[in-house]
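Text of target-v1.pdb (PDB, C-alpha atoms) as supplied:
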```pdb
ATOM      1  CA  MET A   4      21.379  -0.707  15.835
ATOM      2  CA  ASP A   5      24.179  -3.297  15.775
ATOM      3  CA  ALA A   6      23.417  -4.326  19.351
ATOM      4  CA  LEU A   7      19.746  -4.866  18.448
ATOM      5  CA  SER A   8      20.800  -6.795  15.336
ATOM      6  CA  ASP A   9      22.930  -9.117  17.482
ATOM      7  CA  ILE A  10      19.894  -9.867  19.667
ATOM      8  CA  LEU A  11      17.529 -10.440  16.740
ATOM      9  CA  ALA A  12      19.909 -12.232  14.340
ATOM     10  CA  PRO A  13      19.467 -15.766  15.806
ATOM     11  CA  HIS A  14      15.700 -15.374  15.328
ATOM     12  CA  SER A  15      15.767 -13.821  11.835
ATOM     13  CA  GLU A  16      14.164 -16.852  10.160
ATOM     14  CA  LEU A  17      11.242 -16.858  12.620
ATOM     15  CA  ILE A  18      10.868 -13.071  12.326
ATOM     16  CA  GLY A  19      10.824 -13.410   8.532
ATOM     17  CA  LYS A  20       8.010 -15.982   8.726
ATOM     18  CA  ILE A  21       6.005 -13.750  11.067
ATOM     19  CA  ALA A  22       6.546 -10.737   8.810
ATOM     20  CA  GLY A  23       5.491 -12.833   5.826
ATOM     21  CA  THR A  24       2.310 -13.951   7.582
ATOM     22  CA  ILE A  25       1.413 -10.372   8.534
ATOM     23  CA  THR A  26       2.064  -9.256   4.961
ATOM     24  CA  THR A  27      -0.227 -11.973   3.601
ATOM     25  CA  LEU A  28      -2.959 -10.814   5.991
ATOM     26  CA  GLN A  29      -2.286  -7.235   4.853
ATOM     27  CA  PHE A  30      -2.921  -8.288   1.254
ATOM     28  CA  LEU A  31      -6.279  -9.675   2.406
ATOM     29  CA  SER A  32      -7.216  -6.340   4.015
ATOM     30  CA  GLY A  33      -8.380  -5.301   0.561
ATOM     31  CA  VAL A  34     -11.430  -7.510   1.190
ATOM     32  CA  PHE A  35     -12.856  -4.790   3.454
ATOM     33  CA  LEU A  36     -12.340  -2.127   0.816
ATOM     34  CA  LEU A  37     -13.941  -4.298  -1.859
ATOM     35  CA  ASN A  38     -16.898  -4.918   0.454
ATOM     36  CA  ASP A  39     -17.390  -1.153   0.809
ATOM     37  CA  ILE A  40     -17.206  -0.836  -2.980
ATOM     38  CA  ARG A  41     -19.806  -3.601  -3.341
ATOM     39  CA  LYS A  42     -22.147  -1.802  -0.948
ATOM     40  CA  LYS A  43     -21.748   1.482  -2.822
ATOM     41  CA  GLY A  44     -22.112  -0.285  -6.163
ATOM     42  CA  SER A  45     -19.181   1.679  -7.584
ATOM     43  CA  SER A  46     -15.403   1.881  -7.145
ATOM     44  CA  ASP A  47     -15.135   5.359  -8.668
ATOM     45  CA  VAL A  48     -14.777   7.142  -5.317
ATOM     46  CA  TYR A  49     -11.663   5.087  -4.475
ATOM     47  CA  PRO A  50      -8.186   5.262  -6.051
ATOM     48  CA  VAL A  51      -7.029   2.238  -8.043
ATOM     49  CA  GLY A  52      -3.484   2.723  -6.725
ATOM     50  CA  PRO A  53      -3.594   0.304  -3.760
ATOM     51  CA  PHE A  54      -4.462  -2.673  -5.996
ATOM     52  CA  LEU A  55      -2.622  -1.789  -9.207
ATOM     53  CA  GLY A  56       0.363  -0.650  -7.177
ATOM     54  CA  GLY A  57       0.184  -3.890  -5.213
ATOM     55  CA  VAL A  58       0.588  -5.858  -8.432
ATOM     56  CA  VAL A  59       3.621  -3.773  -9.414
ATOM     57  CA  LEU A  60       5.301  -4.033  -6.011
ATOM     58  CA  THR A  61       4.772  -7.772  -5.616
ATOM     59  CA  VAL A  62       6.315  -8.495  -9.034
ATOM     60  CA  MET A  63       9.307  -6.264  -8.264
ATOM     61  CA  SER A  64       9.664  -7.703  -4.756
ATOM     62  CA  VAL A  65       9.816 -11.242  -6.175
ATOM     63  CA  LYS A  66      12.756 -10.146  -8.359
ATOM     64  CA  LEU A  67      14.408  -8.477  -5.358
ATOM     65  CA  GLY A  68      13.868 -11.606  -3.265
ATOM     66  CA  GLN A  69      15.529 -13.685  -5.982
ATOM     67  CA  ALA A  70      18.517 -11.320  -6.035
ATOM     68  CA  MET A  71      18.806 -11.510  -2.229
ATOM     69  CA  GLY A  72      18.107 -15.256  -2.052
ATOM     70  CA  ASP A  73      15.322 -14.397   0.409
ATOM     71  CA  GLN A  74      12.734 -17.199   0.248
ATOM     72  CA  PRO A  75      10.213 -15.630   2.705
ATOM     73  CA  MET A  76      10.076 -12.492   0.543
ATOM     74  CA  ILE A  77       9.612 -14.517  -2.665
ATOM     75  CA  LYS A  78       6.805 -16.719  -1.287
ATOM     76  CA  VAL A  79       4.909 -13.848   0.327
ATOM     77  CA  ASN A  80       4.973 -11.712  -2.798
ATOM     78  CA  ILE A  81       3.884 -14.533  -5.121
ATOM     79  CA  ILE A  82       0.816 -14.933  -2.892
ATOM     80  CA  GLY A  83       0.423 -11.154  -2.815
ATOM     81  CA  PHE A  84       0.506 -10.942  -6.593
ATOM     82  CA  ALA A  85      -2.319 -13.473  -6.897
ATOM     83  CA  ILE A  86      -4.450 -11.713  -4.253
ATOM     84  CA  ASN A  87      -3.929  -8.226  -5.707
ATOM     85  CA  THR A  88      -4.798  -9.503  -9.197
ATOM     86  CA  VAL A  89      -8.124 -10.863  -7.907
ATOM     87  CA  PHE A  90      -8.844  -7.574  -6.109
ATOM     88  CA  MET A  91      -7.951  -5.633  -9.235
ATOM     89  CA  VAL A  92     -10.531  -7.610 -11.205
ATOM     90  CA  GLY A  93     -13.163  -6.831  -8.564
ATOM     91  CA  PHE A  94     -12.283  -3.135  -8.564
ATOM     92  CA  PHE A  95     -12.521  -3.040 -12.360
ATOM     93  CA  TYR A  96     -15.905  -4.810 -12.309
ATOM     94  CA  TYR A  97     -17.472  -2.063 -10.156
ATOM     95  CA  ALA A  98     -15.914   0.814 -12.110
ATOM     96  CA  SER A  99     -17.986   3.002 -14.434
ATOM     97  CA  SER A 100     -17.468   2.736 -18.214
ATOM     98  CA  GLU A 101     -15.455   5.967 -18.263
ATOM     99  CA  ARG A 102     -13.299   4.835 -15.356
ATOM    100  CA  LYS A 103     -12.691   1.423 -16.951
ATOM    101  CA  SER A 104     -11.097   3.104 -19.989
ATOM    102  CA  LYS A 105      -8.693   4.969 -17.686
ATOM    103  CA  ILE A 106      -7.886   1.786 -15.754
ATOM    104  CA  TRP A 107      -7.056  -0.063 -19.005
ATOM    105  CA  ALA A 108      -4.646   2.738 -19.907
ATOM    106  CA  GLN A 109      -3.011   2.527 -16.473
ATOM    107  CA  ILE A 110      -2.674  -1.250 -16.793
ATOM    108  CA  GLY A 111      -0.923  -0.739 -20.135
ATOM    109  CA  TYR A 112       1.582   1.743 -18.665
ATOM    110  CA  VAL A 113       2.227  -0.541 -15.702
ATOM    111  CA  SER A 114       2.799  -3.572 -17.954
ATOM    112  CA  LEU A 115       5.401  -1.689 -20.013
ATOM    113  CA  PHE A 116       7.120  -0.494 -16.846
ATOM    114  CA  LEU A 117       7.304  -4.001 -15.377
ATOM    115  CA  LEU A 118       8.605  -5.404 -18.646
ATOM    116  CA  ALA A 119      11.427  -2.847 -18.594
ATOM    117  CA  VAL A 120      12.257  -3.563 -14.918
ATOM    118  CA  ILE A 121      12.283  -7.356 -15.377
ATOM    119  CA  THR A 122      14.472  -7.074 -18.492
ATOM    120  CA  TYR A 123      16.912  -4.845 -16.612
ATOM    121  CA  ALA A 124      16.926  -7.176 -13.576
ATOM    122  CA  ASN A 125      17.770 -10.184 -15.741
ATOM    123  CA  PHE A 126      20.937  -8.532 -17.090
ATOM    124  CA  GLU A 127      22.136  -6.453 -14.125
ATOM    125  CA  ASP A 128      24.845  -7.578 -11.698
ATOM    126  CA  PRO A 129      23.003  -9.117  -8.657
ATOM    127  CA  ALA A 130      25.262  -7.170  -6.267
ATOM    128  CA  LYS A 131      24.129  -3.847  -7.777
ATOM    129  CA  LEU A 132      20.556  -4.990  -8.382
ATOM    130  CA  GLU A 133      19.777  -5.490  -4.698
ATOM    131  CA  PHE A 134      20.435  -1.825  -3.859
ATOM    132  CA  ARG A 135      19.008  -0.284  -7.040
ATOM    133  CA  LEU A 136      15.847  -2.369  -7.148
ATOM    134  CA  GLY A 137      15.395  -1.875  -3.413
ATOM    135  CA  MET A 138      15.525   1.911  -3.836
ATOM    136  CA  LEU A 139      13.132   1.767  -6.792
ATOM    137  CA  ILE A 140      10.653  -0.262  -4.736
ATOM    138  CA  THR A 141      11.052   2.247  -1.895
ATOM    139  CA  SER A 142      10.321   5.139  -4.258
ATOM    140  CA  ILE A 143       7.141   3.484  -5.552
ATOM    141  CA  LEU A 144       6.033   2.617  -2.017
ATOM    142  CA  VAL A 145       6.590   6.213  -0.917
ATOM    143  CA  TRP A 146       4.501   7.413  -3.858
ATOM    144  CA  LEU A 147       1.686   4.909  -3.198
ATOM    145  CA  ILE A 148       1.555   5.455   0.550
ATOM    146  CA  GLY A 149       2.381   9.146   0.448
ATOM    147  CA  SER A 150       0.029  10.166  -2.378
ATOM    148  CA  PRO A 151      -3.066  10.121  -0.107
ATOM    149  CA  LEU A 152      -1.309  12.805   1.936
ATOM    150  CA  LEU A 153      -2.015  15.175  -0.953
ATOM    151  CA  ASN A 154      -5.696  14.721  -0.105
ATOM    152  CA  ILE A 155      -5.250  15.839   3.509
ATOM    153  CA  PRO A 156      -6.303  19.477   2.795
ATOM    154  CA  ASN A 157      -9.553  18.076   1.371
ATOM    155  CA  VAL A 158      -9.945  15.768   4.393
ATOM    156  CA  ILE A 159      -9.527  18.754   6.718
ATOM    157  CA  LYS A 160     -11.950  20.823   4.654
ATOM    158  CA  LYS A 161     -14.650  18.106   4.670
ATOM    159  CA  LYS A 162     -13.714  17.048   8.229
ATOM    160  CA  SER A 163     -14.048  13.472   7.024
ATOM    161  CA  THR A 164     -11.715  10.606   6.027
ATOM    162  CA  GLU A 165     -14.226   9.236   3.502
ATOM    163  CA  GLY A 166     -12.376   7.615   0.598
ATOM    164  CA  MET A 167      -9.286   6.800   2.702
ATOM    165  CA  PRO A 168      -8.949   2.977   2.970
ATOM    166  CA  PHE A 169      -8.431   2.548   6.732
ATOM    167  CA  PRO A 170      -7.999  -1.289   6.716
ATOM    168  CA  ILE A 171      -5.233  -1.078   4.093
ATOM    169  CA  ILE A 172      -3.477   1.831   5.844
ATOM    170  CA  PHE A 173      -3.619   0.155   9.272
ATOM    171  CA  ALA A 174      -2.475  -3.213   7.910
ATOM    172  CA  GLY A 175       0.343  -1.448   6.062
ATOM    173  CA  GLN A 176       1.494   0.020   9.368
ATOM    174  CA  LEU A 177       1.732  -3.453  10.898
ATOM    175  CA  VAL A 178       3.639  -4.723   7.850
ATOM    176  CA  ALA A 179       6.136  -1.848   7.980
ATOM    177  CA  THR A 180       6.775  -2.585  11.660
ATOM    178  CA  ALA A 181       7.287  -6.321  11.062
ATOM    179  CA  TRP A 182       9.663  -5.887   8.109
ATOM    180  CA  THR A 183      11.643  -3.201   9.967
ATOM    181  CA  ILE A 184      12.339  -5.713  12.731
ATOM    182  CA  TYR A 185      13.245  -8.368  10.138
ATOM    183  CA  ALA A 186      15.544  -5.955   8.288
ATOM    184  CA  ILE A 187      17.351  -5.140  11.536
ATOM    185  CA  SER A 188      17.786  -8.847  12.240
ATOM    186  CA  ILE A 189      19.503  -9.443   8.864
ATOM    187  CA  ARG A 190      21.341  -6.069   8.945
ATOM    188  CA  ASN A 191      19.762  -4.808   5.720
ATOM    189  CA  HIS A 192      19.982  -1.014   6.090
ATOM    190  CA  VAL A 193      18.061  -0.342   2.858
ATOM    191  CA  MET A 194      15.049  -2.283   4.152
ATOM    192  CA  VAL A 195      15.282  -0.561   7.548
ATOM    193  CA  PHE A 196      15.216   2.901   5.957
ATOM    194  CA  GLN A 197      12.457   1.878   3.553
ATOM    195  CA  ASN A 198      10.102   0.538   6.217
ATOM    196  CA  LEU A 199      10.725   3.216   8.840
ATOM    197  CA  PHE A 200       9.950   5.906   6.274
ATOM    198  CA  LEU A 201       6.769   4.093   5.218
ATOM    199  CA  TRP A 202       5.812   3.708   8.879
ATOM    200  CA  SER A 203       6.071   7.488   9.308
ATOM    201  CA  LEU A 204       3.880   8.179   6.259
ATOM    202  CA  GLY A 205       1.278   5.673   7.418
ATOM    203  CA  GLY A 206       1.297   7.195  10.899
ATOM    204  CA  ILE A 207       0.342  10.601   9.514
ATOM    205  CA  GLN A 208      -2.601   9.073   7.644
ATOM    206  CA  LEU A 209      -3.792   7.099  10.669
ATOM    207  CA  PHE A 210      -3.734  10.314  12.694
ATOM    208  CA  MET A 211      -6.372  11.706  10.323
ATOM    209  CA  PHE A 212      -8.729   8.911  11.436
ATOM    210  CA  VAL A 213      -8.188   9.996  15.035
ATOM    211  CA  LEU A 214      -9.144  13.570  14.182
ATOM    212  CA  TYR A 215     -12.040  13.012  11.760
ATOM    213  CA  PRO A 216     -14.908  10.504  11.251
ATOM    214  CA  SER A 217     -15.086   8.213   8.197
ATOM    215  CA  LYS A 218     -18.312   9.848   6.981
ATOM    216  CA  PRO A 219     -19.089  13.577   6.656
ATOM    217  CA  THR A 220     -21.295  14.896   9.432
ATOM    218  CA  LYS A 221     -24.678  16.032   8.236
ATOM    219  CA  LYS A 222     -25.197  19.757   8.566
ATOM    220  CA  THR A 223     -28.253  20.633  10.633
ATOM    221  CA  PRO A 224     -30.226  23.607   9.369
ATOM    222  CA  SER A 225     -29.622  26.728  11.410
ATOM    223  CA  LYS A 226     -32.404  28.388  13.407
ATOM    224  CA  LYS A 227     -32.230  31.458  11.145
ATOM    225  CA  ALA A 228     -32.753  29.323   8.038
ATOM    226  CA  SER A 229     -35.747  27.619   9.690
ATOM    227  CA  LYS A 230     -37.377  30.933  10.534
ATOM    228  CA  LYS A 231     -36.986  32.157   6.939
ATOM    229  CA  GLU A 232     -38.653  29.010   5.618
ATOM    230  CA  ASN A 233     -41.550  29.557   8.016
TER     231      ASN A 233
END
```
What would you get if you wrote out this structure as structure tokens?
Amino acid sequence: MDALSDILAPHSELIGKIAGTITTLQFLSGVFLLNDIRKKGSSDVYPVGPFLGGVVLTVMSVKLGQAMGDQPMIKVNIIGFAINTVFMVGFFYYASSERKSKIWAQIGYVSLFLLAVITYANFEDPAKLEFRLGMLITSILVWLIGSPLLNIPNVIKKKSTEGMPFPIIFAGQLVATAWTIYAISIRNHVMVFQNLFLWSLGGIQLFMFVLYPSKPTKKTPSKKASKKEN
């Protein structure tokens, strides 16, 4: 990897800007999911994780960017925080009354968690913070991206990827690729591991879209059932 780093290092600033642009576009991929929610008139069939988790990760990534002195990371995640907050409001608007109560509880837990992380980050040694906060962000990303994998048995059973947000998953794959290249260019092994692992998880989910349609196929009545009705 050192040889590749030597090739990419002189272009790290440009690569960072490209990765930042792709990440900003990835944040906007939530527009497609919100449009589907608008058409259905309800967000209950979708998990709140992509948007609420996006808020958590952008706040934590801003702190990590400050510790690393990485301006592209800071700027991108400030924009991402604003976009995810707007999407979160839209998701909440289309939620049922029962679901809204659960979302409020989740927002409360997330707020307490972020308060604890920010307090810790303000007092921790920057040299240690970069690794520890980076691993914490990786763990949350793995949970957010990997949790839909738990639904794969249900996807196989229904033979449908309904409820899986394809635009967000696909955009996430592009982001993981871009930041892997950037991490190699600046020789940040934590970021390389983080994004390659996320790329693998996203690849498994995208493969489900290759195997199954986005909507369940309608079952046609069998000939035997038709004869009985007649």
Counting only C-alpha atoms, the option among A:Phe116, A:Phe134, A:Phe200, A:Trp146 closest to A:Gln176: A:Phe200
Shortest interatomic distance to A:Met138 - which of A:Ile110, A:Ile40, A:Ile25, A:Leu67, counting only C-alpha atoms: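 Among the listed residues, the smallest separation from A:Met138 belongs to A:Leu67.
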Distance in Å - atom CA of A:Leu199 versus atom CA of A:Leu177: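 Separation of atom CA of A:Leu199 and atom CA of A:Leu177: 11.4 Å.
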Using all atoms listed in the file: which of A:Ile86, A:Val79, A:Leu115, A:Val51 has the shortest distance to A:Ala22: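 Selected residue with least distance to A:Ala22: A:Val79.
Counting all atoms listed in the file and comparing A:Phe173, A:Trp182, A:Tyr215, A:Tyr112, the residue that lies closest to A:Phe35 is A:Phe173.
Residue membership of the PyMOL selection byres ((chain A and resi 209-212) around 10) in the shown file amounts to Leu152, Ile155, Val158, Ile159, Lys162, Ser163, Thr164, Glu165, Met167, Phe169, Ile172, Phe173, Gln176, Ser203, Leu204, Gly205, Gly206, Ile207, Gln208, Val213, Leu214, Tyr215, Pro216 and Ser217 of chain A.
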Got time to write the residues from that selection, C-alpha atoms, as an mmCIF file, in the coordinates of the input?
```
data_model
loop_
_atom_site.group_PDB
_atom_site.id
_atom_site.type_symbol
_atom_site.label_atom_id
_atom_site.label_comp_id
_atom_site.auth_asym_id
_atom_site.auth_seq_id
_atom_site.Cartn_x
_atom_site.Cartn_y
_atom_site.Cartn_z
ATOM 1 C CA LEU A 152 -1.309 12.805 1.936
ATOM 2 C CA ILE A 155 -5.250 15.839 3.509
ATOM 3 C CA VAL A 158 -9.945 15.768 4.393
ATOM 4 C CA ILE A 159 -9.527 18.754 6.718
ATOM 5 C CA LYS A 162 -13.714 17.048 8.229
ATOM 6 C CA SER A 163 -14.048 13.472 7.024
ATOM 7 C CA THR A 164 -11.715 10.606 6.027
ATOM 8 C CA GLU A 165 -14.226 9.236 3.502
ATOM 9 C CA MET A 167 -9.286 6.800 2.702
ATOM 10 C CA PHE A 169 -8.431 2.548 6.732
ATOM 11 C CA ILE A 172 -3.477 1.831 5.844
ATOM 12 C CA PHE A 173 -3.619 0.155 9.272
ATOM 13 C CA GLN A 176 1.494 0.020 9.368
ATOM 14 C CA SER A 203 6.071 7.488 9.308
ATOM 15 C CA LEU A 204 3.880 8.179 6.259
ATOM 16 C CA GLY A 205 1.278 5.673 7.418
ATOM 17 C CA GLY A 206 1.297 7.195 10.899
ATOM 18 C CA ILE A 207 0.342 10.601 9.514
ATOM 19 C CA GLN A 208 -2.601 9.073 7.644
ATOM 20 C CA VAL A 213 -8.188 9.996 15.035
ATOM 21 C CA LEU A 214 -9.144 13.570 14.182
ATOM 22 C CA TYR A 215 -12.040 13.012 11.760
ATOM 23 C CA PRO A 216 -14.908 10.504 11.251
ATOM 24 C CA SER A 217 -15.086 8.213 8.197
#
```
Test item: the PyMOL selection byres ((chain A and resi 53) around 10) resolved as a PyMOL selection string: chain A and resi 30+33+49-52+54-58+87+90-91+147-148+168+171-172
Keeping only C-alpha atoms, write the selected residues to a file as a PDB file, keeping the file's coordinate frame.
```
ATOM      1  CA  PHE A  30      -2.921  -8.288   1.254  1.00  0.00           C
ATOM      2  CA  GLY A  33      -8.380  -5.301   0.561  1.00  0.00           C
ATOM      3  CA  TYR A  49     -11.663   5.087  -4.475  1.00  0.00           C
ATOM      4  CA  PRO A  50      -8.186   5.262  -6.051  1.00  0.00           C
ATOM      5  CA  VAL A  51      -7.029   2.238  -8.043  1.00  0.00           C
ATOM      6  CA  GLY A  52      -3.484   2.723  -6.725  1.00  0.00           C
ATOM      7  CA  PHE A  54      -4.462  -2.673  -5.996  1.00  0.00           C
ATOM      8  CA  LEU A  55      -2.622  -1.789  -9.207  1.00  0.00           C
ATOM      9  CA  GLY A  56       0.363  -0.650  -7.177  1.00  0.00           C
ATOM     10  CA  GLY A  57       0.184  -3.890  -5.213  1.00  0.00           C
ATOM     11  CA  VAL A  58       0.588  -5.858  -8.432  1.00  0.00           C
ATOM     12  CA  ASN A  87      -3.929  -8.226  -5.707  1.00  0.00           C
ATOM     13  CA  PHE A  90      -8.844  -7.574  -6.109  1.00  0.00           C
ATOM     14  CA  MET A  91      -7.951  -5.633  -9.235  1.00  0.00           C
ATOM     15  CA  LEU A 147       1.686   4.909  -3.198  1.00  0.00           C
ATOM     16  CA  ILE A 148       1.555   5.455   0.550  1.00  0.00           C
ATOM     17  CA  PRO A 168      -8.949   2.977   2.970  1.00  0.00           C
ATOM     18  CA  ILE A 171      -5.233  -1.078   4.093  1.00  0.00           C
ATOM     19  CA  ILE A 172      -3.477   1.831   5.844  1.00  0.00           C
TER      20      ILE A 172
END
```
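Counting all atoms listed in the file, the residue from A:Glu133, A:Pro156, A:Leu28, A:Ile10 that sits nearest to A:Gly68 is A:Glu133.
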Let me know the residues the PyMOL selection byres ((chain A and resi 139) around 12) catches in the file above, as a CSV table (one decimal) with C-alpha atoms, in the coordinates of the input.
```csv
chain,number,residue,atom,x,y,z
A,59,VAL,CA,3.6,-3.8,-9.4
A,60,LEU,CA,5.3,-4.0,-6.0
A,63,MET,CA,9.3,-6.3,-8.3
A,64,SER,CA,9.7,-7.7,-4.8
A,67,LEU,CA,14.4,-8.5,-5.4
A,116,PHE,CA,7.1,-0.5,-16.8
A,117,LEU,CA,7.3,-4.0,-15.4
A,120,VAL,CA,12.3,-3.6,-14.9
A,124,ALA,CA,16.9,-7.2,-13.6
A,132,LEU,CA,20.6,-5.0,-8.4
A,133,GLU,CA,19.8,-5.5,-4.7
A,134,PHE,CA,20.4,-1.8,-3.9
A,135,ARG,CA,19.0,-0.3,-7.0
A,136,LEU,CA,15.8,-2.4,-7.1
A,137,GLY,CA,15.4,-1.9,-3.4
A,138,MET,CA,15.5,1.9,-3.8
A,140,ILE,CA,10.7,-0.3,-4.7
A,141,THR,CA,11.1,2.2,-1.9
A,142,SER,CA,10.3,5.1,-4.3
A,143,ILE,CA,7.1,3.5,-5.6
A,144,LEU,CA,6.0,2.6,-2.0
A,145,VAL,CA,6.6,6.2,-0.9
A,146,TRP,CA,4.5,7.4,-3.9
A,193,VAL,CA,18.1,-0.3,2.9
A,194,MET,CA,15.0,-2.3,4.2
A,197,GLN,CA,12.5,1.9,3.6
```
With the input short on atoms, add all heavy atoms back to stretch 190-198 of chain A and write it as a PDB file, in the frame of the given file.
```
ATOM      1  N   ARG A 190      20.444  -7.205   9.179  1.00  0.00           N
ATOM      2  CA  ARG A 190      21.341  -6.069   8.945  1.00  0.00           C
ATOM      3  C   ARG A 190      21.227  -5.504   7.517  1.00  0.00           C
ATOM      4  O   ARG A 190      22.226  -5.191   6.875  1.00  0.00           O
ATOM      5  CB  ARG A 190      22.793  -6.478   9.221  1.00  0.00           C
ATOM      6  CG  ARG A 190      23.101  -6.725  10.685  1.00  0.00           C
ATOM      7  CD  ARG A 190      24.561  -7.105  10.896  1.00  0.00           C
ATOM      8  NE  ARG A 190      24.920  -7.101  12.299  1.00  0.00           N
ATOM      9  CZ  ARG A 190      24.694  -8.095  13.139  1.00  0.00           C
ATOM     10  NH1 ARG A 190      24.103  -9.200  12.703  1.00  0.00           N
ATOM     11  NH2 ARG A 190      25.058  -8.012  14.408  1.00  0.00           N
ATOM     12  N   ASN A 191      20.008  -5.390   7.042  1.00  0.00           N
ATOM     13  CA  ASN A 191      19.762  -4.808   5.720  1.00  0.00           C
ATOM     14  C   ASN A 191      19.306  -3.361   5.920  1.00  0.00           C
ATOM     15  O   ASN A 191      18.136  -3.077   6.179  1.00  0.00           O
ATOM     16  CB  ASN A 191      18.694  -5.611   4.972  1.00  0.00           C
ATOM     17  CG  ASN A 191      18.564  -5.178   3.516  1.00  0.00           C
ATOM     18  OD1 ASN A 191      18.482  -4.002   3.214  1.00  0.00           O
ATOM     19  ND2 ASN A 191      18.527  -6.146   2.617  1.00  0.00           N
ATOM     20  N   HIS A 192      20.261  -2.422   5.788  1.00  0.00           N
ATOM     21  CA  HIS A 192      19.982  -1.014   6.090  1.00  0.00           C
ATOM     22  C   HIS A 192      19.008  -0.384   5.101  1.00  0.00           C
ATOM     23  O   HIS A 192      18.264   0.532   5.452  1.00  0.00           O
ATOM     24  CB  HIS A 192      21.289  -0.216   6.118  1.00  0.00           C
ATOM     25  CG  HIS A 192      22.248  -0.698   7.173  1.00  0.00           C
ATOM     26  ND1 HIS A 192      21.991  -0.571   8.515  1.00  0.00           N
ATOM     27  CD2 HIS A 192      23.453  -1.337   7.078  1.00  0.00           C
ATOM     28  CE1 HIS A 192      22.994  -1.086   9.216  1.00  0.00           C
ATOM     29  NE2 HIS A 192      23.884  -1.564   8.363  1.00  0.00           N
ATOM     30  N   VAL A 193      19.000  -0.871   3.853  1.00  0.00           N
ATOM     31  CA  VAL A 193      18.061  -0.342   2.858  1.00  0.00           C
ATOM     32  C   VAL A 193      16.626  -0.646   3.287  1.00  0.00           C
ATOM     33  O   VAL A 193      15.752   0.220   3.258  1.00  0.00           O
ATOM     34  CB  VAL A 193      18.334  -0.938   1.456  1.00  0.00           C
ATOM     35  CG1 VAL A 193      17.249  -0.503   0.475  1.00  0.00           C
ATOM     36  CG2 VAL A 193      19.700  -0.494   0.953  1.00  0.00           C
ATOM     37  N   MET A 194      16.389  -1.885   3.709  1.00  0.00           N
ATOM     38  CA  MET A 194      15.049  -2.283   4.152  1.00  0.00           C
ATOM     39  C   MET A 194      14.630  -1.548   5.418  1.00  0.00           C
ATOM     40  O   MET A 194      13.458  -1.201   5.587  1.00  0.00           O
ATOM     41  CB  MET A 194      14.989  -3.797   4.386  1.00  0.00           C
ATOM     42  CG  MET A 194      14.918  -4.636   3.116  1.00  0.00           C
ATOM     43  SD  MET A 194      14.814  -6.414   3.493  1.00  0.00           S
ATOM     44  CE  MET A 194      13.186  -6.499   4.257  1.00  0.00           C
ATOM     45  N   VAL A 195      15.589  -1.293   6.312  1.00  0.00           N
ATOM     46  CA  VAL A 195      15.282  -0.561   7.548  1.00  0.00           C
ATOM     47  C   VAL A 195      14.805   0.846   7.209  1.00  0.00           C
ATOM     48  O   VAL A 195      13.749   1.299   7.684  1.00  0.00           O
ATOM     49  CB  VAL A 195      16.506  -0.492   8.481  1.00  0.00           C
ATOM     50  CG1 VAL A 195      16.224   0.447   9.654  1.00  0.00           C
ATOM     51  CG2 VAL A 195      16.875  -1.869   8.993  1.00  0.00           C
ATOM     52  N   PHE A 196      15.586   1.541   6.367  1.00  0.00           N
ATOM     53  CA  PHE A 196      15.216   2.901   5.957  1.00  0.00           C
ATOM     54  C   PHE A 196      13.859   2.900   5.258  1.00  0.00           C
ATOM     55  O   PHE A 196      12.986   3.733   5.548  1.00  0.00           O
ATOM     56  CB  PHE A 196      16.284   3.460   5.013  1.00  0.00           C
ATOM     57  CG  PHE A 196      15.828   4.663   4.225  1.00  0.00           C
ATOM     58  CD1 PHE A 196      15.722   5.908   4.823  1.00  0.00           C
ATOM     59  CD2 PHE A 196      15.482   4.543   2.886  1.00  0.00           C
ATOM     60  CE1 PHE A 196      15.277   7.008   4.107  1.00  0.00           C
ATOM     61  CE2 PHE A 196      15.039   5.624   2.152  1.00  0.00           C
ATOM     62  CZ  PHE A 196      14.947   6.876   2.771  1.00  0.00           C
ATOM     63  N   GLN A 197      13.683   1.969   4.340  1.00  0.00           N
ATOM     64  CA  GLN A 197      12.457   1.878   3.553  1.00  0.00           C
ATOM     65  C   GLN A 197      11.233   1.750   4.455  1.00  0.00           C
ATOM     66  O   GLN A 197      10.262   2.506   4.325  1.00  0.00           O
ATOM     67  CB  GLN A 197      12.546   0.672   2.624  1.00  0.00           C
ATOM     68  CG  GLN A 197      11.260   0.304   1.913  1.00  0.00           C
ATOM     69  CD  GLN A 197      11.390  -0.998   1.136  1.00  0.00           C
ATOM     70  OE1 GLN A 197      12.485  -1.479   0.871  1.00  0.00           O
ATOM     71  NE2 GLN A 197      10.289  -1.603   0.784  1.00  0.00           N
ATOM     72  N   ASN A 198      11.280   0.817   5.400  1.00  0.00           N
ATOM     73  CA  ASN A 198      10.102   0.538   6.217  1.00  0.00           C
ATOM     74  C   ASN A 198       9.866   1.559   7.319  1.00  0.00           C
ATOM     75  O   ASN A 198       8.707   1.841   7.661  1.00  0.00           O
ATOM     76  CB  ASN A 198      10.206  -0.872   6.800  1.00  0.00           C
ATOM     77  CG  ASN A 198       9.976  -1.944   5.754  1.00  0.00           C
ATOM     78  OD1 ASN A 198       8.860  -2.179   5.336  1.00  0.00           O
ATOM     79  ND2 ASN A 198      11.055  -2.584   5.307  1.00  0.00           N
TER      80      ASN A 198
END
```
